[in-house]
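Participant: Just so it is clear, I am handing over protein19.txt, which has compact mmCIF, C-alpha atoms and all ligand atoms.
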# COMPACT_ATOMS: atom_id res chain seq x y z
CA MET A 28 -18.33 21.42 3.60
CA TYR A 29 -17.75 19.60 0.30
CA ILE A 30 -14.86 17.16 0.38
CA PRO A 31 -13.83 15.68 -3.00
CA ASP A 32 -13.38 11.92 -3.24
CA TYR A 33 -10.57 9.88 -4.78
CA LYS A 34 -12.20 6.47 -4.35
CA ASP A 35 -12.63 4.95 -7.84
CA ASN A 36 -11.43 8.27 -9.31
CA PRO A 37 -7.94 7.44 -10.66
CA GLU A 38 -7.00 11.01 -11.61
CA ALA A 39 -7.89 12.34 -8.15
CA TYR A 40 -6.08 9.41 -6.51
CA GLU A 41 -2.87 10.03 -8.46
CA ILE A 42 -2.97 13.78 -7.72
CA GLU A 43 -3.43 13.05 -4.02
CA GLU A 44 -0.61 10.51 -3.93
CA ARG A 45 1.89 12.50 -5.98
CA SER A 46 1.27 15.56 -3.77
CA ARG A 47 2.25 13.59 -0.68
CA PRO A 48 6.02 13.35 -0.05
CA ASP A 49 5.32 10.75 2.67
CA GLU A 50 3.65 8.41 0.19
CA MET A 51 6.17 8.97 -2.59
CA LEU A 52 9.05 8.23 -0.22
CA MET A 53 7.32 5.03 0.89
CA LEU A 54 6.70 3.91 -2.71
CA THR A 55 10.26 4.75 -3.78
CA THR A 56 11.73 2.79 -0.87
CA ALA A 57 9.44 -0.16 -1.56
CA GLY A 58 10.56 0.03 -5.21
CA GLU A 59 14.25 -0.01 -4.20
CA ILE A 60 13.76 -3.09 -2.03
CA ALA A 61 11.78 -4.78 -4.81
CA VAL A 62 14.58 -4.01 -7.30
CA ASN A 63 17.16 -5.54 -4.93
CA ILE A 64 15.07 -8.70 -4.73
CA LEU A 65 14.68 -8.82 -8.52
CA ASN A 66 18.45 -8.33 -8.97
CA THR A 67 18.94 -11.83 -7.55
CA THR A 68 15.92 -13.49 -9.19
CA HIS A 69 15.52 -14.79 -12.74
CA ASN A 70 12.27 -14.92 -14.70
CA ALA A 71 10.38 -13.46 -11.78
CA ASN A 72 6.62 -13.71 -11.36
CA VAL A 73 5.46 -10.51 -9.71
CA LEU A 74 2.07 -9.99 -8.06
CA ASP A 75 0.78 -6.57 -6.95
CA LEU A 76 -2.14 -6.99 -4.56
CA CYS A 77 -4.47 -3.95 -4.49
CA CYS A 78 -2.45 -2.44 -7.34
CA GLY A 79 -4.79 0.55 -7.82
CA THR A 80 -3.65 2.80 -10.66
CA GLY A 81 -0.33 0.96 -10.89
CA LEU A 82 1.79 3.45 -8.93
CA SER A 83 3.40 0.61 -6.99
CA LEU A 84 4.60 -1.04 -10.23
CA GLU A 85 6.41 1.99 -11.61
CA CYS A 86 9.81 1.18 -10.04
CA ILE A 87 9.96 -2.42 -11.28
CA ILE A 88 8.08 -2.46 -14.57
CA ASN A 89 11.29 -2.18 -16.61
CA HIS A 90 13.38 -4.59 -14.55
CA PRO A 91 14.98 -7.21 -16.83
CA SER A 92 14.31 -10.06 -14.37
CA VAL A 93 10.55 -9.62 -14.56
CA SER A 94 8.83 -12.14 -16.82
CA PHE A 95 5.21 -11.97 -15.65
CA ILE A 96 3.34 -9.25 -13.76
CA VAL A 97 -0.18 -9.41 -12.40
CA GLY A 98 -2.00 -6.60 -10.64
CA ILE A 99 -5.29 -7.19 -8.86
CA ASP A 100 -7.67 -4.55 -7.58
CA ILE A 101 -11.35 -4.21 -6.77
CA SER A 102 -11.75 -0.88 -8.60
CA ASN A 103 -12.47 -1.07 -12.33
CA PRO A 104 -11.80 2.66 -12.94
CA TYR A 105 -8.35 2.35 -11.30
CA LEU A 106 -7.57 -0.76 -13.36
CA GLU A 107 -8.62 0.90 -16.63
CA PHE A 108 -6.23 3.76 -15.79
CA ALA A 109 -3.41 1.30 -14.99
CA LYS A 110 -4.02 -0.63 -18.22
CA LYS A 111 -3.66 2.56 -20.26
CA LYS A 112 -0.55 3.60 -18.31
CA TYR A 113 1.22 0.32 -19.07
CA SER A 114 -0.24 -0.41 -22.51
CA LYS A 115 3.14 0.03 -24.24
CA TYR A 116 5.22 -1.98 -21.75
CA LYS A 117 6.62 -5.47 -22.24
CA PRO A 118 5.86 -7.76 -20.55
CA GLN A 119 2.43 -6.20 -20.42
CA PRO A 120 1.01 -6.49 -16.89
CA VAL A 121 -2.17 -8.52 -16.59
CA PHE A 122 -4.78 -6.66 -14.55
CA ILE A 123 -7.49 -8.59 -12.76
CA ALA A 124 -10.63 -7.08 -11.23
CA GLY A 125 -11.50 -8.79 -7.97
CA ASP A 126 -11.10 -9.16 -4.24
CA ALA A 127 -7.41 -9.55 -3.33
CA VAL A 128 -8.36 -11.91 -0.49
CA THR A 129 -10.27 -14.45 -2.57
CA GLU A 130 -9.97 -13.88 -6.33
CA PRO A 131 -8.35 -16.83 -8.18
CA LEU A 132 -4.97 -15.99 -9.74
CA PRO A 133 -3.28 -17.27 -12.90
CA CYS A 134 -0.27 -18.59 -11.00
CA ASP A 135 0.03 -20.49 -7.67
CA LYS A 136 3.47 -19.29 -6.54
CA TRP A 137 5.19 -15.92 -6.85
CA ASP A 138 8.77 -14.66 -6.49
CA LEU A 139 7.74 -11.16 -5.45
CA ILE A 140 4.47 -9.90 -4.00
CA ILE A 141 3.92 -6.18 -3.55
CA LEU A 142 1.43 -4.83 -1.02
CA ALA A 143 1.56 -1.06 -1.14
CA SER A 144 -1.17 0.43 1.04
CA ALA A 145 -3.01 -2.86 0.53
CA TYR A 146 -3.25 -4.37 4.04
CA HIS A 147 -4.96 -1.27 5.42
CA HIS A 148 -7.71 -1.52 2.82
CA ILE A 149 -8.69 -4.99 3.99
CA GLU A 150 -11.26 -5.04 6.80
CA ASP A 151 -9.81 -5.95 10.22
CA GLU A 152 -11.66 -9.31 10.36
CA ARG A 153 -10.02 -10.40 7.06
CA LYS A 154 -6.51 -9.02 7.57
CA VAL A 155 -4.94 -12.27 8.83
CA LYS A 156 -6.69 -14.27 6.09
CA PHE A 157 -5.27 -11.80 3.56
CA LEU A 158 -1.73 -12.20 4.94
CA GLU A 159 -2.13 -15.98 5.07
CA ARG A 160 -2.93 -15.84 1.39
CA VAL A 161 0.28 -13.89 0.82
CA ARG A 162 2.22 -16.60 2.69
CA ASP A 163 0.56 -19.35 0.61
CA LEU A 164 1.27 -17.52 -2.64
CA LEU A 165 4.97 -16.96 -1.93
CA LYS A 166 7.56 -19.36 -3.31
CA ASP A 167 9.84 -20.73 -0.57
CA SER A 168 12.54 -18.40 -1.94
CA GLY A 169 10.09 -15.52 -2.50
CA PHE A 170 9.61 -12.20 -0.75
CA ALA A 171 6.79 -9.77 -0.15
CA VAL A 172 7.40 -6.04 0.06
CA ILE A 173 4.87 -4.27 2.22
CA ALA A 174 4.47 -0.49 2.32
CA GLU A 175 2.13 0.63 5.07
CA ASN A 176 0.86 3.73 6.87
CA ILE A 177 1.12 2.87 10.54
CA LEU A 178 -0.97 4.78 13.06
CA PRO A 179 0.20 6.00 16.46
CA GLU A 180 -0.89 3.52 19.11
CA TYR A 181 -4.51 3.73 20.31
CA LYS A 182 -6.72 1.76 22.68
CA GLU A 183 -7.96 -1.23 20.68
CA GLY A 184 -11.75 -1.18 20.32
CA ASP A 185 -12.00 2.49 21.37
CA ALA A 186 -13.43 4.33 18.33
CA GLU A 187 -12.73 7.77 19.77
CA ASP A 188 -9.08 7.01 20.51
CA TYR A 189 -8.74 5.39 17.07
CA ALA A 190 -10.09 8.58 15.41
CA ARG A 191 -7.56 10.61 17.44
CA ALA A 192 -4.72 8.46 16.08
CA VAL A 193 -5.98 8.81 12.50
CA LYS A 194 -6.27 12.61 12.84
CA GLN A 195 -2.81 12.89 14.39
CA PHE A 196 -1.34 10.85 11.51
CA TYR A 197 -3.01 12.94 8.79
CA ALA A 198 -2.20 16.26 10.48
CA GLU A 199 1.44 15.25 10.05
CA VAL A 200 0.86 14.11 6.44
CA LEU A 201 -0.58 17.53 5.65
CA THR A 202 2.24 19.38 7.42
CA THR A 203 4.82 17.49 5.36
CA ALA A 204 2.91 18.13 2.11
CA LYS A 205 2.67 21.87 2.87
CA GLN A 206 6.35 22.07 3.82
CA LYS A 207 7.23 20.65 0.41
CA ASN A 208 4.65 22.78 -1.39
CA PRO A 209 3.53 25.88 0.54
CA ASN A 210 1.02 26.57 -2.26
CA LEU A 211 -0.65 23.17 -1.94
CA HIS A 212 -4.01 23.53 -3.66
CA ILE A 213 -7.06 23.42 -1.41
CA TYR A 214 -8.47 20.63 -3.61
CA VAL A 215 -5.47 18.45 -2.77
CA GLU A 216 -5.68 19.38 0.90
CA LYS A 217 -9.30 18.22 0.89
CA LEU A 218 -8.42 14.98 -0.88
CA ILE A 219 -5.96 14.28 1.94
CA GLN A 220 -8.65 15.15 4.47
CA ARG A 221 -10.90 12.63 2.71
CA VAL A 222 -8.43 9.82 3.45
CA ALA A 223 -8.53 10.78 7.14
CA GLN A 224 -12.33 10.93 7.00
CA TYR A 225 -12.56 7.38 5.63
CA GLY A 226 -10.30 6.24 8.45
CA CYS A 227 -12.36 7.94 11.16
CA ASP A 228 -15.58 6.57 9.63
CA GLY A 229 -14.18 3.01 9.59
CA ASP A 230 -15.01 2.80 5.90
CA TYR A 231 -12.60 1.85 3.04
CA GLU A 232 -9.53 2.61 5.22
CA TYR A 233 -8.70 0.32 8.15
CA LYS A 234 -5.25 1.34 9.32
CA VAL A 235 -3.73 -0.11 12.46
CA SER A 236 -0.82 0.45 14.85
CA LEU A 237 2.55 -1.30 14.59
CA PRO A 238 1.93 -3.90 17.35
CA ILE A 239 -1.30 -5.00 15.63
CA PHE A 240 0.34 -5.14 12.20
CA LEU A 241 3.32 -7.16 13.48
CA ARG A 242 0.97 -9.45 15.41
CA ASP A 243 -1.04 -10.13 12.21
CA LEU A 244 2.15 -10.91 10.25
CA ALA A 245 3.22 -13.41 12.91
CA LYS A 246 -0.26 -15.00 13.04
CA ALA A 247 -0.11 -15.48 9.28
CA GLY A 248 3.28 -17.24 9.47
CA LEU A 249 5.24 -14.39 7.90
CA ARG A 250 8.67 -13.24 9.06
CA VAL A 251 10.10 -9.73 8.84
CA VAL A 252 13.47 -9.73 7.01
CA GLN A 253 13.91 -5.98 7.19
CA GLN A 254 11.83 -3.07 8.44
CA LYS A 255 12.36 0.59 7.60
CA ARG A 256 10.51 3.61 8.87
CA VAL A 257 10.81 6.08 6.00
CA TRP A 258 8.61 8.95 7.23
CA PRO A 259 8.52 11.26 9.10
CA GLU A 260 12.24 11.91 9.07
CA ASP A 261 12.06 13.72 12.41
CA SER A 262 11.13 11.06 14.96
CA GLU A 263 9.58 13.65 17.28
CA LYS A 264 6.80 14.36 14.78
CA LEU A 265 5.03 11.05 15.40
CA SER A 266 6.00 8.36 17.88
CA SER A 267 8.85 6.24 16.53
CA ASN A 268 6.56 3.24 15.95
CA SER A 269 4.18 5.15 13.68
CA GLY A 270 4.56 6.71 10.25
CA ASN A 271 5.23 5.14 6.87
CA PHE A 272 7.00 1.80 6.94
CA VAL A 273 8.43 -0.53 4.32
CA LEU A 274 9.04 -4.17 5.19
CA GLN A 275 10.59 -7.08 3.38
CA ILE A 276 8.80 -10.28 4.37
CA CYS A 277 9.28 -13.99 3.80
CA LYS A 278 7.59 -17.20 4.87
CA GLU A 279 8.33 -18.28 8.46
C1 LIG B 301 -4.36 3.18 -1.34
S1 LIG B 301 -4.73 2.27 -2.78
C2 LIG B 301 -3.13 1.58 -3.16
C3 LIG B 301 -2.93 1.39 -4.63
C4 LIG B 301 -1.49 1.08 -5.04
N1 LIG B 301 -1.01 -0.14 -4.45
C5 LIG B 301 -0.59 2.23 -4.68
O1 LIG B 301 0.33 2.06 -3.87
O2 LIG B 301 -0.79 3.33 -5.21
C6 LIG B 301 -5.62 0.89 -2.17
C7 LIG B 301 -6.25 0.07 -3.26
O3 LIG B 301 -6.89 -1.07 -2.69
C8 LIG B 301 -8.01 -1.39 -3.49
N2 LIG B 301 -8.85 -2.30 -2.73
C9 LIG B 301 -9.59 -2.05 -1.64
N3 LIG B 301 -10.14 -3.20 -1.19
C10 LIG B 301 -9.74 -4.19 -2.01
C11 LIG B 301 -9.95 -5.59 -2.07
N4 LIG B 301 -10.71 -6.22 -1.15
N5 LIG B 301 -9.38 -6.30 -3.06
C12 LIG B 301 -8.61 -5.67 -3.98
N6 LIG B 301 -8.36 -4.36 -3.98
C13 LIG B 301 -8.91 -3.62 -3.00
C14 LIG B 301 -8.60 -0.03 -3.82
O4 LIG B 301 -9.43 -0.09 -4.94
C15 LIG B 301 -7.33 0.77 -4.06
O5 LIG B 301 -6.94 0.73 -5.39
Would you mind writing the file out in structure tokens?
Facilitator:
Amino acid sequence: MYIPDYKDNPEAYEIEERSRPDEMLMLTTAGEIAVNILNTTHNANVLDLCCGTGLSLECIINHPSVSFIVGIDISNPYLEFAKKKYSKYKPQPVFIAGDAVTEPLPCDKWDLIILASAYHHIEDERKVKFLERVRDLLKDSGFAVIAENILPEYKEGDAEDYARAVKQFYAEVLTTAKQKNPNLHIYVEKLIQRVAQYGCDGDYEYKVSLPIFLRDLAKAGLRVVQQKRVWPEDSEKLSSNSGNFVLQICKE
């Protein structure tokens, strides 16, 4: 069965994301927390790691406290899309093509770092290194806002149990999307299935459970200031430690 792909296809990615109430709620909440941080910061340097098509910048792009914005992503097609989207904005975001774990950046310290669905795109072996970089890049007074899809718990190292957790998560994603839009197009449904497929294949998507995520944050010397579970609204749908989370983070 043909399953369309959204990887490096910015139009397909944006359709998939905007059709998912779970993702939109997560991005909106991350945006609200970012705005609160910016409300008490002047001349803020903002870094969006794994910025993709720039969806995660939409809530803050017009904030008067922002003086410099950089987005970094490994996908040139996504970055070209983001550049066009923000071509008329001031300050104009600077988009850098590269690996978010290693690519040099134009500034050493940042007031606000956004990681929206970024951590789960970094391979498991590099996740702590990635978060350590976030800690090193934060000003002492700075914050990171992390938006993450958190899987139901699974047996670590058990591929079959991991695939079960991924499928359970995306069955719920699809249910929510269809509740909001009973006429959800089959193309969009398949795009959502593609995300789950990447997860099960252990390719491009490397989501984890909450204990693993919190363990990685602690290993990297990052402290959780606030943690919100924004989806699903009904806690019976997925266990209460899985779903979409938004966290405000600072240096330990
Ligand atoms: C799910 S998208 C999130 C995009 C955006 N932050 C958002 O919320 O819509 C994940 C992004 O991570 C990027 N990516 C994957 N691995 C990366 C890496 N090692 N360095 C930088 N970007 C990476 C992908 O190209 C993709 O744009």
Participant: Go through A:Thr202, A:Ser46, A:Asn36, A:Thr68 and flag the residue nearest Thr80 (chain A), using all atoms listed in the file for the distances.
Facilitator: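 With all atoms listed in the file as the atom set, the closest residue is A:Asn36.
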Participant: Could you check the closest approach to ligand LIG 301 (chain B) for each of A:Pro179, A:Gly169, A:Pro118, A:Gly226 and tell me which residue wins, using all atoms listed in the file?
Facilitator: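 Comparing A:Pro179, A:Gly169, A:Pro118, A:Gly226 against ligand LIG 301 (chain B), the winner is A:Gly226.
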Participant: When distances are computed from all atoms listed in the file, which of A:Ile123, A:Ala61, A:Met53, A:Ala143 shows the smallest separation from ligand LIG 301 (chain B)?
Facilitator: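 Counting all atoms listed in the file, the residue closest to ligand LIG 301 (chain B) is A:Ala143.
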Participant: Here's a test: counting all atoms listed in the file, identify every protein, DNA and RNA residue with an atom at most 7 Å from (1.6, 2.3, 4.6) in the file's coordinate frame, and state them as a PyMOL selection string.
Facilitator: chain A and resi 143-144+174-177+271-272
Participant: Please write out the residues within 8 Å of ligand LIG 301 (chain B) as a PyMOL selection string, counting all atoms listed in the file.
Facilitator: chain A and resi 34-35+41+44+54+75-83+99-102+105+124-128+141-145+147-149+174+231
Participant: Counting all atoms listed in the file, what is within 10 Å of Leu52 (chain A), bar same-chain residues fewer than 6 positions away, as an NGL selection string?
Facilitator: :A and (58 or 257-259 or 271-273)
Participant: With a distance cut-off of 12 Å and all atoms listed in the file, select the neighbouring residues of Val161 (chain A), excluding the residue or stretch itself and same-chain residues fewer than 2 positions from it, and output the selection as a PyMOL selection string.
Facilitator: chain A and resi 74-76+127-129+132+135-142+145-146+154-159+163-167+169-173+244+247-250+276-279
Participant: What separation in Å, quoted to one decimal, exists between CA of Val235 (chain A) and CA of Lys182 (chain A)?
Facilitator: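 Rounded to one decimal, the two atoms are 10.8 Å apart.
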Participant: So what do you get for CA of Val222 (chain A) versus CA of Asp243 (chain A), distance-wise?
Facilitator: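 A separation of 23.0 Å between them.
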Participant: Quick one: of A:Arg162, A:Asp228, A:Lys205, A:Lys110, who's nearest to Lys246 (chain A), counting only C-alpha atoms?
Facilitator: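 Looking at the shortest contact to Lys246 (chain A), the residue is A:Arg162.
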Participant: Taking every listed atom of region 126-135 of chain A and adding 6 Å to each side, what centre and edge lengths in Å (one decimal) does the axis-aligned box have, as AutoDock Vina command-line options?
Facilitator:
--center_x -5.5 --center_y -14.8 --center_z -6.7 --size_x 23.1 --size_y 23.3 --size_z 24.4
Participant: Between CA of Arg47 (chain A) and CA of Tyr233 (chain A), what is the distance in Å, rounded to a tenth?
Facilitator: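 Result for CA of Arg47 (chain A) versus CA of Tyr233 (chain A): 19.3 Å, one decimal.
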Participant: Can you find the residues with an atom no farther than 7 Å from (5.7, 4.4, 12.4), counting only C-alpha atoms, and report them as a ChimeraX atom specification?
Facilitator: /A:177-178,237,256,266-272
Participant: Using C-alpha atoms, can you write the selected residues to a file as a PDB file, keeping the file's coordinate frame?
Facilitator:
ATOM      1  CA  ILE A 177       1.120   2.870  10.540  1.00  0.00           C
ATOM      2  CA  LEU A 178      -0.970   4.780  13.060  1.00  0.00           C
ATOM      3  CA  LEU A 237       2.550  -1.300  14.590  1.00  0.00           C
ATOM      4  CA  ARG A 256      10.510   3.610   8.870  1.00  0.00           C
ATOM      5  CA  SER A 266       6.000   8.360  17.880  1.00  0.00           C
ATOM      6  CA  SER A 267       8.850   6.240  16.530  1.00  0.00           C
ATOM      7  CA  ASN A 268       6.560   3.240  15.950  1.00  0.00           C
ATOM      8  CA  SER A 269       4.180   5.150  13.680  1.00  0.00           C
ATOM      9  CA  GLY A 270       4.560   6.710  10.250  1.00  0.00           C
ATOM     10  CA  ASN A 271       5.230   5.140   6.870  1.00  0.00           C
ATOM     11  CA  PHE A 272       7.000   1.800   6.940  1.00  0.00           C
TER      12      PHE A 272
END
